[in-house]
Each structure stands twice: as C-alpha cells, then as structure tokens.
$ cat query-v3.cif   # mmCIF, C-alpha atoms
data_my_file
#
loop_
_atom_site.label_atom_id
_atom_site.label_comp_id
_atom_site.auth_asym_id
_atom_site.auth_seq_id
_atom_site.Cartn_x
_atom_site.Cartn_y
_atom_site.Cartn_z
CA MET B 1 110.23 111.12 84.49
CA GLN B 2 107.53 110.92 87.11
CA TYR B 3 107.06 113.16 90.09
CA LYS B 4 107.45 111.42 93.46
CA ASP B 5 105.48 112.58 96.45
CA TYR B 6 107.95 111.94 99.24
CA TYR B 7 105.56 113.16 101.91
CA LYS B 8 102.90 110.72 100.79
CA ILE B 9 105.38 107.85 100.69
CA MET B 10 106.22 108.54 104.33
CA GLY B 11 102.64 109.32 105.35
CA LEU B 12 103.61 112.85 106.38
CA SER B 13 102.45 116.36 105.65
CA ARG B 14 104.50 119.35 104.61
CA THR B 15 104.27 120.76 108.11
CA SER B 16 105.74 117.65 109.76
CA THR B 17 108.77 118.34 111.93
CA GLN B 18 112.18 116.73 111.44
CA ASP B 19 111.38 114.57 114.46
CA ASP B 20 108.18 113.39 112.74
CA VAL B 21 110.24 112.49 109.68
CA LYS B 22 112.62 110.43 111.76
CA ARG B 23 109.83 108.66 113.65
CA ALA B 24 107.90 107.91 110.46
CA TYR B 25 111.03 106.51 108.87
CA ARG B 26 111.76 104.23 111.82
CA LYS B 27 108.22 102.91 111.86
CA LEU B 28 107.94 102.31 108.12
CA ALA B 29 111.45 100.91 107.90
CA ARG B 30 110.48 98.24 110.40
CA LYS B 31 107.32 97.53 108.44
CA TYR B 32 108.98 97.19 105.05
CA HIS B 33 112.47 96.01 105.93
CA PRO B 34 113.12 93.09 103.57
CA ASP B 35 114.58 90.98 106.36
CA VAL B 36 111.55 91.39 108.54
CA SER B 37 108.61 92.10 106.28
CA LYS B 38 106.48 89.58 104.48
CA GLU B 39 104.52 92.34 102.75
CA LYS B 40 104.33 92.04 99.00
CA ASP B 41 106.92 94.20 97.22
CA ALA B 42 108.45 95.07 100.60
CA GLU B 43 111.81 95.54 98.94
CA ALA B 44 110.53 98.09 96.41
CA LYS B 45 108.67 99.94 99.17
CA PHE B 46 111.76 99.94 101.37
CA LYS B 47 113.86 101.46 98.61
CA GLU B 48 111.23 104.10 97.92
CA LEU B 49 111.13 104.87 101.63
CA GLY B 50 114.93 105.16 101.77
CA GLU B 51 114.83 107.67 98.94
CA ALA B 52 112.05 109.73 100.53
CA TYR B 53 113.93 109.76 103.83
CA GLU B 54 117.16 110.76 102.12
CA VAL B 55 115.41 113.92 100.93
CA LEU B 56 113.16 114.78 103.87
CA LYS B 57 115.68 114.20 106.66
CA ASP B 58 118.10 116.65 105.11
CA PRO B 59 116.78 120.21 105.67
CA GLN B 60 118.60 121.44 102.53
CA LYS B 61 117.17 118.80 100.24
CA ARG B 62 113.78 119.06 101.88
CA ALA B 63 113.62 122.82 101.39
CA ALA B 64 114.60 122.44 97.74
CA TYR B 65 112.02 119.73 97.24
CA ASP B 66 109.35 121.88 98.91
CA LYS B 67 110.23 124.68 96.52
CA LEU B 68 108.93 122.56 93.65
CA GLY B 69 105.50 123.38 94.98
CA THR B 70 102.50 121.39 96.02
CA ASN B 71 100.63 121.10 92.74
CA TRP B 72 102.42 117.97 91.59
CA LYS B 73 100.68 114.63 91.83
CA ALA B 74 102.61 111.39 92.38
CA GLY B 75 103.31 109.71 89.06
CA GLU B 76 102.74 112.89 87.04
CA GLU B 77 105.19 113.68 84.24
CA PHE B 78 107.79 115.93 85.77
CA ARG B 79 110.50 118.26 84.60
CA PRO B 80 112.24 120.45 87.15
CA PRO B 81 111.69 124.19 86.62
CA PRO B 82 114.79 126.15 85.56
CA ASN B 83 117.03 127.32 88.39
CA TRP B 84 114.82 125.59 90.88
CA ASP B 85 117.86 124.62 92.94
CA GLU B 86 119.42 128.06 93.02
CA GLY B 87 121.08 128.74 96.29
CA PHE B 88 121.21 125.18 97.50
CA GLU B 89 124.44 123.39 98.00
CA PHE B 90 123.71 119.73 97.71
CA LYS B 91 124.52 119.21 94.01
CA GLY B 92 127.05 116.47 93.71
CA GLY B 93 127.27 116.34 97.47
CA GLY B 94 127.56 113.18 99.45
CA PHE B 95 124.71 110.91 100.25
CA THR B 96 124.35 110.00 103.82
CA GLY B 97 122.35 106.84 104.05
CA GLY B 98 120.32 104.54 101.86
CA ASP B 99 121.57 102.63 98.89
CA ALA B 100 121.99 105.47 96.44
CA SER B 101 122.37 103.15 93.46
CA THR B 102 118.68 102.27 93.78
CA PHE B 103 117.30 105.82 93.85
CA SER B 104 114.85 106.86 91.13
CA ASP B 105 115.42 108.98 88.04
CA PHE B 106 113.36 111.64 89.76
CA PHE B 107 115.83 111.78 92.64
CA GLU B 108 118.81 111.84 90.30
CA GLN B 109 117.36 114.64 88.24
CA LEU B 110 116.94 116.77 91.34
CA PHE B 111 119.93 115.93 93.44
CA GLY B 112 122.39 114.41 91.03
CA ARG B 113 123.71 110.93 90.89
CA ALA B 114 125.71 109.42 93.68
CA GLY B 115 129.27 109.85 92.57
CA PHE B 116 132.00 107.45 93.49
CA ARG B 117 134.54 108.78 95.90
CA PRO B 118 137.66 106.67 95.63
CA SER B 119 138.68 105.38 99.01
CA ALA B 120 141.87 106.68 100.57
CA GLN B 121 143.34 103.24 100.17
CA GLY B 122 142.63 103.23 96.46
CA GLN B 123 144.33 106.58 96.06
CA ARG B 124 147.42 105.41 97.84
CA GLY B 125 147.64 102.62 95.32
CA PHE B 126 147.15 99.58 97.53
CA ASP B 127 146.36 96.33 95.83
CA GLN B 128 143.06 95.38 97.31
CA ARG B 129 141.06 92.22 96.75
CA GLY B 130 137.56 92.90 95.44
CA GLN B 131 134.52 92.44 97.66
CA ASP B 132 132.66 89.17 97.66
CA SER B 133 129.22 89.59 96.20
CA HIS B 134 126.04 87.75 97.07
CA ALA B 135 122.97 86.55 95.24
CA LYS B 136 120.12 84.21 95.97
CA ILE B 137 119.16 81.81 93.23
CA TYR B 138 116.09 79.62 92.88
CA ILE B 139 116.53 76.13 91.50
CA ASP B 140 114.18 73.20 91.02
CA LEU B 141 114.14 70.16 93.22
CA GLU B 142 115.15 68.06 90.20
CA ASP B 143 118.33 70.15 89.81
CA SER B 144 119.46 68.97 93.22
CA ILE B 145 118.31 65.37 92.73
CA HIS B 146 120.21 64.86 89.51
CA GLY B 147 122.67 67.76 89.47
CA SER B 148 122.35 70.20 86.58
CA THR B 149 123.55 73.32 84.84
CA ARG B 150 121.50 76.48 85.28
CA ASN B 151 121.71 79.85 83.63
CA ILE B 152 121.35 82.69 86.09
CA SER B 153 121.11 86.43 85.49
CA LEU B 154 122.59 88.82 87.98
CA SER B 155 122.25 92.55 88.38
CA THR B 156 125.11 94.17 90.21
CA PRO B 157 125.64 97.85 90.84
CA GLY B 158 129.05 98.73 89.47
CA MET B 159 130.89 101.82 88.30
CA ASP B 160 131.11 103.14 84.80
CA ALA B 161 134.14 104.92 83.39
CA GLN B 162 132.99 108.27 84.81
CA GLY B 163 132.73 106.81 88.28
CA TYR B 164 128.93 106.74 88.33
CA ILE B 165 127.07 103.83 89.81
CA GLN B 166 125.31 101.79 87.20
CA VAL B 167 123.48 98.50 87.40
CA LYS B 168 125.17 95.90 85.25
CA HIS B 169 123.44 92.79 84.05
CA ARG B 170 125.25 89.61 83.33
CA SER B 171 124.44 86.05 82.74
CA LEU B 172 126.32 83.02 84.05
CA ASN B 173 126.03 79.30 83.46
CA ILE B 174 126.67 77.48 86.69
CA LYS B 175 126.86 73.88 87.70
CA ILE B 176 124.38 72.86 90.38
CA PRO B 177 125.98 70.04 92.35
CA LYS B 178 123.88 66.99 93.12
CA GLY B 179 122.37 67.03 96.59
CA ILE B 180 122.57 70.76 97.26
CA LYS B 181 120.14 71.83 99.99
CA PRO B 182 118.09 75.00 100.39
CA GLY B 183 120.13 77.50 102.40
CA GLN B 184 123.49 76.17 101.27
CA HIS B 185 125.94 78.39 99.39
CA ILE B 186 128.00 77.88 96.27
CA ARG B 187 131.22 79.88 96.01
CA LEU B 188 132.38 80.96 92.56
CA SER B 189 135.97 82.14 92.84
CA GLY B 190 136.82 85.41 91.16
CA GLN B 191 133.24 86.17 90.08
CA GLY B 192 132.68 88.89 92.70
CA ASP B 193 133.65 92.55 92.53
CA PRO B 194 136.85 93.38 90.68
CA GLY B 195 139.87 94.16 92.83
CA SER B 196 141.66 97.50 92.81
CA GLY B 197 145.26 97.93 91.86
CA GLY B 198 146.69 94.48 91.31
CA GLY B 199 144.21 92.88 93.73
CA LYS B 200 142.27 89.78 92.85
CA ALA B 201 138.54 89.86 92.19
CA GLY B 202 136.26 88.79 95.03
CA ASP B 203 134.09 85.70 95.01
CA LEU B 204 130.44 85.33 94.14
CA LEU B 205 128.44 83.57 96.83
CA LEU B 206 125.17 82.07 95.70
CA GLU B 207 122.56 81.17 98.29
CA ILE B 208 120.40 78.30 97.13
CA ALA B 209 116.63 78.34 97.44
CA PHE B 210 114.15 75.95 95.85
CA ASN B 211 111.22 76.89 93.66
CA SER B 212 108.01 75.49 95.04
CA HIS B 213 107.21 72.21 93.34
CA PRO B 214 103.75 71.16 92.12
CA LEU B 215 104.05 67.76 93.84
CA TYR B 216 106.79 67.76 96.44
CA ARG B 217 107.81 69.82 99.44
CA VAL B 218 111.34 69.93 100.77
CA SER B 219 112.33 70.21 104.40
CA GLY B 220 116.07 70.00 105.06
CA THR B 221 117.07 66.89 103.10
CA ASP B 222 113.63 65.27 103.34
CA ILE B 223 110.99 65.35 100.60
CA TYR B 224 107.25 65.17 101.24
CA LEU B 225 104.44 64.09 98.93
CA ASP B 226 100.71 64.29 99.62
CA LEU B 227 99.21 61.12 98.20
CA PRO B 228 95.47 60.89 97.62
CA VAL B 229 94.10 57.39 98.37
CA THR B 230 90.60 55.91 98.33
CA PRO B 231 88.94 54.94 101.62
CA TRP B 232 89.19 51.23 100.67
CA GLU B 233 92.88 51.51 99.81
CA ALA B 234 93.48 53.03 103.22
CA ALA B 235 91.21 50.57 105.02
CA LEU B 236 92.14 47.34 103.29
CA GLY B 237 95.70 48.11 102.34
CA ALA B 238 96.93 48.29 98.77
CA LYS B 239 99.91 48.43 96.51
CA ILE B 240 99.81 51.63 94.47
CA LYS B 241 102.00 53.57 92.08
CA VAL B 242 103.58 56.67 93.58
CA PRO B 243 105.66 59.33 91.82
CA THR B 244 109.06 60.24 93.27
CA PRO B 245 111.57 62.68 91.76
CA GLU B 246 113.52 59.65 90.57
CA GLY B 247 110.58 57.91 88.90
CA ASN B 248 107.49 55.98 89.87
CA ILE B 249 107.66 53.33 92.55
CA ASP B 250 105.20 50.76 93.91
CA LEU B 251 104.25 51.61 97.46
CA LYS B 252 102.52 49.28 99.88
CA ILE B 253 99.81 50.98 101.91
CA PRO B 254 99.30 49.06 105.16
CA PRO B 255 95.71 48.10 106.08
CA ASN B 256 93.89 50.39 108.51
CA SER B 257 95.88 53.46 107.47
CA ARG B 258 94.37 56.74 108.56
CA GLN B 259 94.15 60.21 107.14
CA GLY B 260 97.57 61.87 107.49
CA THR B 261 99.48 58.61 107.96
CA LYS B 262 103.13 59.23 107.07
CA LEU B 263 104.98 56.49 105.26
CA ARG B 264 108.76 56.82 105.14
CA LEU B 265 110.93 55.68 102.26
CA LYS B 266 114.39 55.74 103.74
CA GLY B 267 117.15 57.37 101.72
CA ARG B 268 114.91 58.56 98.89
CA GLY B 269 115.14 62.23 99.84
CA LEU B 270 117.85 64.62 98.66
CA PRO B 271 121.10 62.83 97.85
CA ALA B 272 123.89 63.31 100.43
CA LYS B 273 126.39 61.34 102.46
CA THR B 274 123.41 60.53 104.64
CA PRO B 275 120.60 60.99 102.14
CA GLY B 276 117.30 62.41 103.27
CA ASP B 277 114.05 60.45 103.39
CA PHE B 278 110.96 60.54 101.20
CA PHE B 279 107.69 60.86 103.12
CA VAL B 280 104.32 59.97 101.67
CA VAL B 281 101.43 61.59 103.54
CA LEU B 282 98.11 59.83 102.94
CA GLN B 283 95.15 62.04 102.04
CA ILE B 284 91.93 60.05 102.00
CA ALA B 285 89.71 61.14 99.11
CA LEU B 286 85.99 60.58 99.48
CA PRO B 287 84.12 59.31 96.42
CA PRO B 288 81.18 61.62 95.62
CA ALA B 289 77.66 60.25 96.18
CA ASN B 290 76.49 61.56 92.85
CA THR B 291 74.80 58.45 91.44
CA GLU B 292 72.02 56.25 92.80
CA HIS B 293 74.45 53.38 92.97
CA ALA B 294 76.99 55.34 95.00
CA LYS B 295 74.24 56.46 97.37
CA VAL B 296 73.13 52.87 97.89
CA ILE B 297 76.67 51.89 98.84
CA TYR B 298 76.95 54.78 101.33
CA GLN B 299 73.56 53.86 102.79
CA LYS B 300 74.73 50.28 103.20
CA MET B 301 77.80 51.48 105.09
CA GLN B 302 75.59 53.69 107.22
CA GLN B 303 73.38 50.74 108.15
CA GLU B 304 76.04 48.14 108.60
CA LEU B 305 79.12 49.89 109.99
CA ASP B 306 79.07 50.86 113.63
CA PHE B 307 81.24 53.99 113.33
CA ASN B 308 81.13 57.18 115.36
CA PRO B 309 84.00 59.53 114.48
CA ARG B 310 82.87 61.88 117.28
CA LEU B 311 83.30 59.42 120.12
CA SER B 312 86.14 61.44 121.60
CA LEU B 313 83.93 64.54 121.65
CA GLY B 314 81.52 62.73 124.02
CA VAL B 315 78.53 63.08 121.70
CA MET C 316 120.75 76.24 70.46
CA ASN C 317 120.15 79.32 72.56
CA SER C 318 122.65 81.99 73.55
CA HIS C 319 123.20 80.43 76.98
CA ASP C 320 124.86 77.43 75.36
CA LEU C 321 127.70 79.66 74.24
CA LEU C 322 128.67 80.68 77.76
CA PRO C 323 131.19 78.66 79.71
CA VAL C 324 129.86 76.66 82.63
CA HIS C 325 131.21 77.72 86.02
CA THR C 326 131.73 75.10 88.64
CA GLY C 327 131.78 76.46 92.15
CA THR C 328 132.45 74.85 95.48
CA VAL C 329 129.72 74.17 97.98
CA ILE C 330 130.33 75.82 101.33
CA GLU C 331 130.01 72.85 103.64
CA ASP C 332 128.57 73.24 107.12
CA ASP C 333 131.01 74.70 109.63
CA SER C 334 133.81 75.31 107.17
CA LEU C 335 134.18 79.11 107.07
CA THR C 336 137.03 80.73 108.97
CA LEU C 337 136.61 84.11 110.64
CA GLU C 338 138.64 85.70 107.86
CA GLN C 339 136.50 84.11 105.12
CA LEU C 340 133.29 85.16 106.83
CA CYS C 341 134.52 88.78 107.20
CA GLN C 342 135.67 88.86 103.59
CA ALA C 343 132.39 87.39 102.35
CA CYS C 344 130.26 89.90 104.25
CA GLY C 345 132.56 92.91 103.94
CA VAL C 346 132.75 93.47 107.71
CA HIS C 347 135.48 93.78 110.32
CA ALA C 348 136.52 90.85 112.47
CA GLU C 349 135.81 92.92 115.61
CA TRP C 350 132.18 93.24 114.60
CA VAL C 351 131.85 89.51 113.89
CA ILE C 352 133.44 88.78 117.27
CA SER C 353 130.85 90.99 118.92
CA LEU C 354 128.13 89.00 117.09
CA VAL C 355 129.61 85.79 118.46
CA GLU C 356 129.73 87.31 121.96
CA GLU C 357 126.03 88.11 121.64
CA SER C 358 125.38 84.51 120.40
CA ILE C 359 123.99 85.88 117.15
CA ILE C 360 126.18 83.42 115.32
CA GLU C 361 127.75 80.39 116.93
CA PRO C 362 130.95 78.98 115.46
CA GLN C 363 132.36 75.54 116.13
CA GLY C 364 135.74 75.54 117.87
CA ASP C 365 136.87 77.00 121.19
CA GLU C 366 139.44 79.57 120.14
CA ILE C 367 139.20 82.35 117.62
CA HIS C 368 141.75 80.86 115.26
CA LEU C 369 139.84 77.55 115.35
CA TRP C 370 136.42 79.09 114.79
CA ARG C 371 134.45 77.60 111.88
CA PHE C 372 131.18 79.13 110.74
CA SER C 373 128.28 77.58 108.83
CA GLY C 374 126.94 78.85 105.51
CA ALA C 375 123.84 79.95 107.41
CA SER C 376 126.01 82.45 109.35
CA LEU C 377 126.58 84.28 106.08
CA VAL C 378 122.88 85.00 105.89
CA ARG C 379 122.67 85.97 109.56
CA VAL C 380 125.67 88.31 109.46
CA ARG C 381 124.33 90.10 106.40
CA SER C 382 120.85 90.40 107.92
CA ALA C 383 122.44 91.73 111.11
CA LEU C 384 124.36 94.30 109.09
CA ARG C 385 121.19 95.49 107.34
CA LEU C 386 119.21 95.62 110.59
CA GLN C 387 121.93 97.74 112.19
CA HIS C 388 122.42 99.96 109.17
CA ASP C 389 118.79 100.44 108.13
CA LEU C 390 116.97 100.34 111.45
CA GLY C 391 119.64 101.28 113.96
CA VAL C 392 119.00 98.11 115.96
CA ASN C 393 121.62 97.31 118.61
CA LEU C 394 123.21 93.88 119.03
CA ALA C 395 120.71 92.62 121.60
CA GLY C 396 117.88 93.77 119.34
CA ILE C 397 119.49 92.11 116.33
CA ALA C 398 119.80 88.84 118.26
CA LEU C 399 116.13 89.01 119.24
CA ALA C 400 114.95 89.97 115.74
CA LEU C 401 116.96 87.23 114.02
CA ASP C 402 115.75 84.56 116.44
CA LEU C 403 112.15 85.63 115.95
CA ILE C 404 112.56 85.76 112.17
CA GLU C 405 114.05 82.28 112.21
CA GLU C 406 111.24 80.96 114.38
CA LEU C 407 108.71 82.51 112.02
CA GLU C 408 110.39 80.90 109.05
CA ASN C 409 110.38 77.51 110.76
CA LEU C 410 106.69 77.87 111.56
CA ARG C 411 105.93 78.85 107.98
CA ALA C 412 107.89 75.84 106.70
CA GLN C 413 105.97 73.66 109.15
CA LEU C 414 102.66 75.05 107.87
CA ASN C 415 103.84 74.41 104.34
CA ILE C 416 104.60 70.78 105.19
CA MET C 417 101.12 70.42 106.60
CA GLY C 418 99.82 71.68 103.29
CA HIS C 419 98.53 75.09 104.36
CA ASP C 420 100.32 77.47 102.06
#
$ encode --input "query-v3.cif" --output "structure tokens"
Amino acid sequence: MQYKDYYKIMGLSRTSTQDDVKRAYRKLARKYHPDVSKEKDAEAKFKELGEAYEVLKDPQKRAAYDKLGTNWKAGEEFRPPPNWDEGFEFKGGGFTGGDASTFSDFFEQLFGRAGFRPSAQGQRGFDQRGQDSHAKIYIDLEDSIHGSTRNISLSTPGMDAQGYIQVKHRSLNIKIPKGIKPGQHIRLSGQGDPGSGGGKAGDLLLEIAFNSHPLYRVSGTDIYLDLPVTPWEAALGAKIKVPTPEGNIDLKIPPNSRQGTKLRLKGRGLPAKTPGDFFVVLQIALPPANTEHAKVIYQKMQQELDFNPRLSLGV
Amino acid sequence: MNSHDLLPVHTGTVIEDDSLTLEQLCQACGVHAEWVISLVEESIIEPQGDEIHLWRFSGASLVRVRSALRLQHDLGVNLAGIALALDLIEELENLRAQLNIMGHD
C-alpha cells in the first residue's frame, strides 16, 4: 500500500486553514471535473482530489492523518503505525461526500471502508425497483452501418454479503441495432441494479459513442471522407474509385473542382428512416518535383499558365 | 470460439428522440420529479409537450440531467450556473466536432 500525500494533491501545506482547503477543493474540482475538464486522466485526478478533500475537510480525519507525520513521501510503501488512530472517532463512521467506492486502499486502511447503511425504506421491507445504471460504450462506425453484436465489459460498484462496496466486473453481449447514432441510448431491461424486497431490477442504459475511424468522420447521421486527388483530376474532372463503409464506389469528380470541394452522396450516411449523407471532401495532393522530368513539367506550367493565387491579397 | 460466444446476446431497445416520460427520466437518473421540473423551468432540458403529463424528453436529456446532478453535487453549482456550464460545454463540444470535420484533430 502506498502513502498518499493529500496536501500535495490539493496543493496545500500542513498549515493551511480549513477555508484554504475548501477554496483549493473548489478550484481543483472545477479544473478536473470530468464533465468540464479535457485534461488527460481528469477522472482519476478528480477521484484522488475527492479522497484528499474527504480527509482534509474533516478536522478529525485531518488531525489523524497529520499524526502520521511528515516524513512520508507520496507513493512510498506505507503501513500505519500501531494505535495511530487512538482517540479518534471516525472508524466506521459515515462518509460525507465523494464517491467512497472509488477511494484508495490507503484511505481504507486508515479510515475504514464505506459501509452500507440500509435505507429506512429497505428496513421497513418495501419492494423497491432497482436503480437504472448507466454506461458509455464505444462502437465502430461499421457496427452502426451493418448492425452487429458487441461484447462489452462493465464495472459496477455493488455490495458484497457483508455490506461492503465492491466493484464487480461483468461482461455482456449486446446487439447493436443498425443505424444507431452517437449520443443515442440503448435500454437493456432488468440489467441495472437489483431491486430490494420483491422489486424488479433496474435497467441498464448504454450511451453510444463511436471510436474514431481511420478513414471516416461522423457528424450526426452524416459521414465524411477526405479524398486525396491529383491536380489534374481536380482540374479536368475524373471518375475515381472511392471507399465507403458499404464498399467502393465510382465517383465522378466535376472539372474545375477546388481544394475542399464537398461532394454529397445522398443517403449513403448512417442508415435511418431518413438516412444521412456521405460527403467526400477533396484534398488536392501536389506531385513532388523530385525528378528532372517533373521539374520540366512544373516549369512549363509556370511559363504557360497565367495564375496568381494571391490576386485577392492585392499583391 | 472464445468465451464471449457462450454468453447470451441481449437485445435492447433504442431510446428514440423525445420518447422519455418524466417518470422514466427520473427513474433513469435516480432523481426526484421536483428537481427535473426545476431543470425544465431553468430551460436546462426542454421536453416536447405543453403539460407535465405530456412531457417527452430526448435521450440527450439523460446526459444533461446526470451532468447537472454531478455539477451540483461535486461543485455546488446552482441551477443558473448549471444551465450556463452545460450550454458552454455543449458549444465547446460542437466546436471540437466542427474542428474534427475540418480535419484538425
């Protein structure tokens, strides 16, 4: 088990006041909140912060933690000294904030594990439907185009027989319906949290997101492809082979196409009642002038084409 | 044959746009109807339908309600602040998607 430096995590010193602790928490929570932050490993940092705050905001826990001394370094192998918590009354006590199921072994060793307190309703023996649970899953574009079956693994905090919170892992095979869009949800009845008493289990709600694709980008129900073309294909027009998620097609490039020209193939986006469109965005690729022959051709263009791309800049 | 092939395949239902009732939304997010109503009053989520019993929410509201819950719980943001934060987050996501479409990842 590794020692955690809660002061360092919160950017505080041991002399910081309780007000400092609160202010630091607010500031860092905004920075690392998974809904707001785009920082890498924001979620892990946010959990770590929640744990540090859980200890430092509570004068009892903070005092006990301080009693461990200042010689520990973050990450160092740690074993609490005997009777270190003598005289403190937090053992087995309630946890006030944070998601206690995500706290570290270090925290649990010091302050105990978050125990489950059965709700009053549970004790009175009501039949209560289980909570719906949520997960986000990443699928490939092809899964939506053709429909597919995916295996997903889920980790859900649940309770063991002693009433302790434990993360359970399970694996589910689920059908991905054809035409599902990013941001849509699939509801799996009865796959959420178990009910209490005679209550039914809740549902599992899966939010769909797409893995990024090496060729295509998805926006709503539309699919985009960047298509490299030669200058002469763009200038003279051409019929070229283009990949789509449903196989190669022959695409006609109109003459005098420009860099960034968007060609729309109606109805070849994600399948739906009104299917999306497939957009081909032309990217003109310049042949390198790396042979004498290529240079001669460029020089000929230079001499014979009257072309100033900077006309609009007035130079 | 790998171990996944032994598991049954679950077929769910897709939550279509504007199909969730107030009760389903509350159940799905584990919140009280009063709180969802206050989110609607703040225009944080906007159901179809004029009266409460006719309200229908989109699948996207699930994401917004749960974000709102976390913002309130973790950061102590009030409803007006949640509305502002969610709108800004959404705008940021749209801009990022736009950048992505233009090929600047």
$ resolve_selection --input "query-v3.cif" --expression "the PyMOL selection byres ((chain B) within 8 of (chain C))" --output "MDAnalysis selection string"
chainID B and resid 26 29:30 35:36 98 131:133 149 151 172:177 180 183:189 203 205 217 219 224
$ closest_residue --input "query-v3.cif" --among "B:Val21, B:Ala235, B:Leu49, B:Leu282" --to "Gln259 in chain B" --atoms "only C-alpha atoms"
B:Leu282
$ atom_distance --input "query-v3.cif" --atom1 "CA of Lys40 in chain B" --atom2 "CA of Ser13 in chain B"
25.3 Å
$ residues_near_point --input "query-v3.cif" --point "(105.3, 99.7, 98.9)" --cutoff "12 Å" --atoms "only C-alpha atoms" --output "list in words"
Lys8, Ile9, Met10, Gly11, Leu28, Ala29, Lys31, Tyr32, His33, Pro34, Ser37, Lys38, Glu39, Lys40, Asp41, Ala42, Glu43, Ala44, Lys45, Phe46, Lys47, Glu48, Leu49 and Gly50 of chain B
$ atom_distance --input "query-v3.cif" --atom1 "CA of Thr17 in chain B" --atom2 "CA of Tyr3 in chain B"
22.5 Å
$ residues_near_point --input "query-v3.cif" --point "(111.4, 115.2, 81.5)" --cutoff "10 Å" --atoms "all atoms listed in the file" --output "PyMOL selection string"
chain B and resi 1-3+77-80+105-106+109
$ atom_distance --input "query-v3.cif" --atom1 "CA of Lys4 in chain B" --atom2 "CA of Gln387 in chain C"
27.3 Å
$ resolve_selection --input "query-v3.cif" --expression "the PyMOL selection byres ((chain B and resi 225) around 7)" --output "PyMOL selection string"
chain B and resi 215-217+223-224+226-227+279-281
$ resolve_selection --input "query-v3.cif" --expression "the PyMOL selection byres ((chain C and resi 360) around 10)" --output "PDB file with C-alpha atoms, in the coordinates of the input"
ATOM      1  CA  VAL C 351     131.850  89.510 113.890  1.00  0.00           C
ATOM      2  CA  ILE C 352     133.440  88.780 117.270  1.00  0.00           C
ATOM      3  CA  SER C 353     130.850  90.990 118.920  1.00  0.00           C
ATOM      4  CA  LEU C 354     128.130  89.000 117.090  1.00  0.00           C
ATOM      5  CA  VAL C 355     129.610  85.790 118.460  1.00  0.00           C
ATOM      6  CA  GLU C 356     129.730  87.310 121.960  1.00  0.00           C
ATOM      7  CA  GLU C 357     126.030  88.110 121.640  1.00  0.00           C
ATOM      8  CA  SER C 358     125.380  84.510 120.400  1.00  0.00           C
ATOM      9  CA  ILE C 359     123.990  85.880 117.150  1.00  0.00           C
ATOM     10  CA  GLU C 361     127.750  80.390 116.930  1.00  0.00           C
ATOM     11  CA  PRO C 362     130.950  78.980 115.460  1.00  0.00           C
ATOM     12  CA  PHE C 372     131.180  79.130 110.740  1.00  0.00           C
ATOM     13  CA  SER C 373     128.280  77.580 108.830  1.00  0.00           C
ATOM     14  CA  ALA C 375     123.840  79.950 107.410  1.00  0.00           C
ATOM     15  CA  SER C 376     126.010  82.450 109.350  1.00  0.00           C
ATOM     16  CA  LEU C 377     126.580  84.280 106.080  1.00  0.00           C
ATOM     17  CA  ARG C 379     122.670  85.970 109.560  1.00  0.00           C
ATOM     18  CA  VAL C 380     125.670  88.310 109.460  1.00  0.00           C
ATOM     19  CA  ALA C 398     119.800  88.840 118.260  1.00  0.00           C
TER      20      ALA C 398
END
$ closest_residue --input "query-v3.cif" --among "C:Glu406, C:Trp350, C:Gly364, C:Arg371" --to "Asp333 in chain C" --atoms "all atoms listed in the file"
C:Arg371
$ build_atoms --input "query-v3.cif" --residues "range 214-228 of chain B" --atoms "N, CA and C atoms" --output "PDB file, in the coordinates of the input"
ATOM      1  N   PRO B 214     105.171  71.508  92.152  1.00  0.00           N
ATOM      2  CA  PRO B 214     103.750  71.160  92.120  1.00  0.00           C
ATOM      3  C   PRO B 214     103.418  69.907  92.945  1.00  0.00           C
ATOM      4  N   LEU B 215     104.354  68.997  93.109  1.00  0.00           N
ATOM      5  CA  LEU B 215     104.050  67.760  93.840  1.00  0.00           C
ATOM      6  C   LEU B 215     104.733  67.681  95.197  1.00  0.00           C
ATOM      7  N   TYR B 216     105.987  68.082  95.257  1.00  0.00           N
ATOM      8  CA  TYR B 216     106.790  67.760  96.440  1.00  0.00           C
ATOM      9  C   TYR B 216     107.093  69.005  97.273  1.00  0.00           C
ATOM     10  N   ARG B 217     107.312  68.763  98.552  1.00  0.00           N
ATOM     11  CA  ARG B 217     107.810  69.820  99.440  1.00  0.00           C
ATOM     12  C   ARG B 217     109.114  69.341 100.037  1.00  0.00           C
ATOM     13  N   VAL B 218     110.024  70.286 100.250  1.00  0.00           N
ATOM     14  CA  VAL B 218     111.340  69.930 100.770  1.00  0.00           C
ATOM     15  C   VAL B 218     111.512  70.525 102.154  1.00  0.00           C
ATOM     16  N   SER B 219     112.010  69.701 103.078  1.00  0.00           N
ATOM     17  CA  SER B 219     112.330  70.210 104.400  1.00  0.00           C
ATOM     18  C   SER B 219     113.694  69.642 104.784  1.00  0.00           C
ATOM     19  N   GLY B 220     114.702  70.491 104.853  1.00  0.00           N
ATOM     20  CA  GLY B 220     116.070  70.000 105.060  1.00  0.00           C
ATOM     21  C   GLY B 220     116.441  69.093 103.899  1.00  0.00           C
ATOM     22  N   THR B 221     116.759  67.816 104.195  1.00  0.00           N
ATOM     23  CA  THR B 221     117.070  66.890 103.100  1.00  0.00           C
ATOM     24  C   THR B 221     115.894  65.954 102.823  1.00  0.00           C
ATOM     25  N   ASP B 222     114.784  66.158 103.542  1.00  0.00           N
ATOM     26  CA  ASP B 222     113.630  65.270 103.340  1.00  0.00           C
ATOM     27  C   ASP B 222     112.673  65.856 102.304  1.00  0.00           C
ATOM     28  N   ILE B 223     111.984  64.941 101.601  1.00  0.00           N
ATOM     29  CA  ILE B 223     110.990  65.350 100.600  1.00  0.00           C
ATOM     30  C   ILE B 223     109.642  64.775 101.007  1.00  0.00           C
ATOM     31  N   TYR B 224     108.610  65.596 100.872  1.00  0.00           N
ATOM     32  CA  TYR B 224     107.250  65.170 101.240  1.00  0.00           C
ATOM     33  C   TYR B 224     106.349  65.160 100.024  1.00  0.00           C
ATOM     34  N   LEU B 225     105.448  64.162  99.974  1.00  0.00           N
ATOM     35  CA  LEU B 225     104.440  64.090  98.930  1.00  0.00           C
ATOM     36  C   LEU B 225     103.086  63.813  99.577  1.00  0.00           C
ATOM     37  N   ASP B 226     102.083  64.599  99.215  1.00  0.00           N
ATOM     38  CA  ASP B 226     100.710  64.290  99.620  1.00  0.00           C
ATOM     39  C   ASP B 226     100.155  63.296  98.621  1.00  0.00           C
ATOM     40  N   LEU B 227      99.700  62.157  99.107  1.00  0.00           N
ATOM     41  CA  LEU B 227      99.210  61.120  98.200  1.00  0.00           C
ATOM     42  C   LEU B 227      97.729  60.853  98.438  1.00  0.00           C
ATOM     43  N   PRO B 228      96.888  61.188  97.457  1.00  0.00           N
ATOM     44  CA  PRO B 228      95.470  60.890  97.620  1.00  0.00           C
ATOM     45  C   PRO B 228      95.236  59.378  97.510  1.00  0.00           C
TER      46      PRO B 228
END
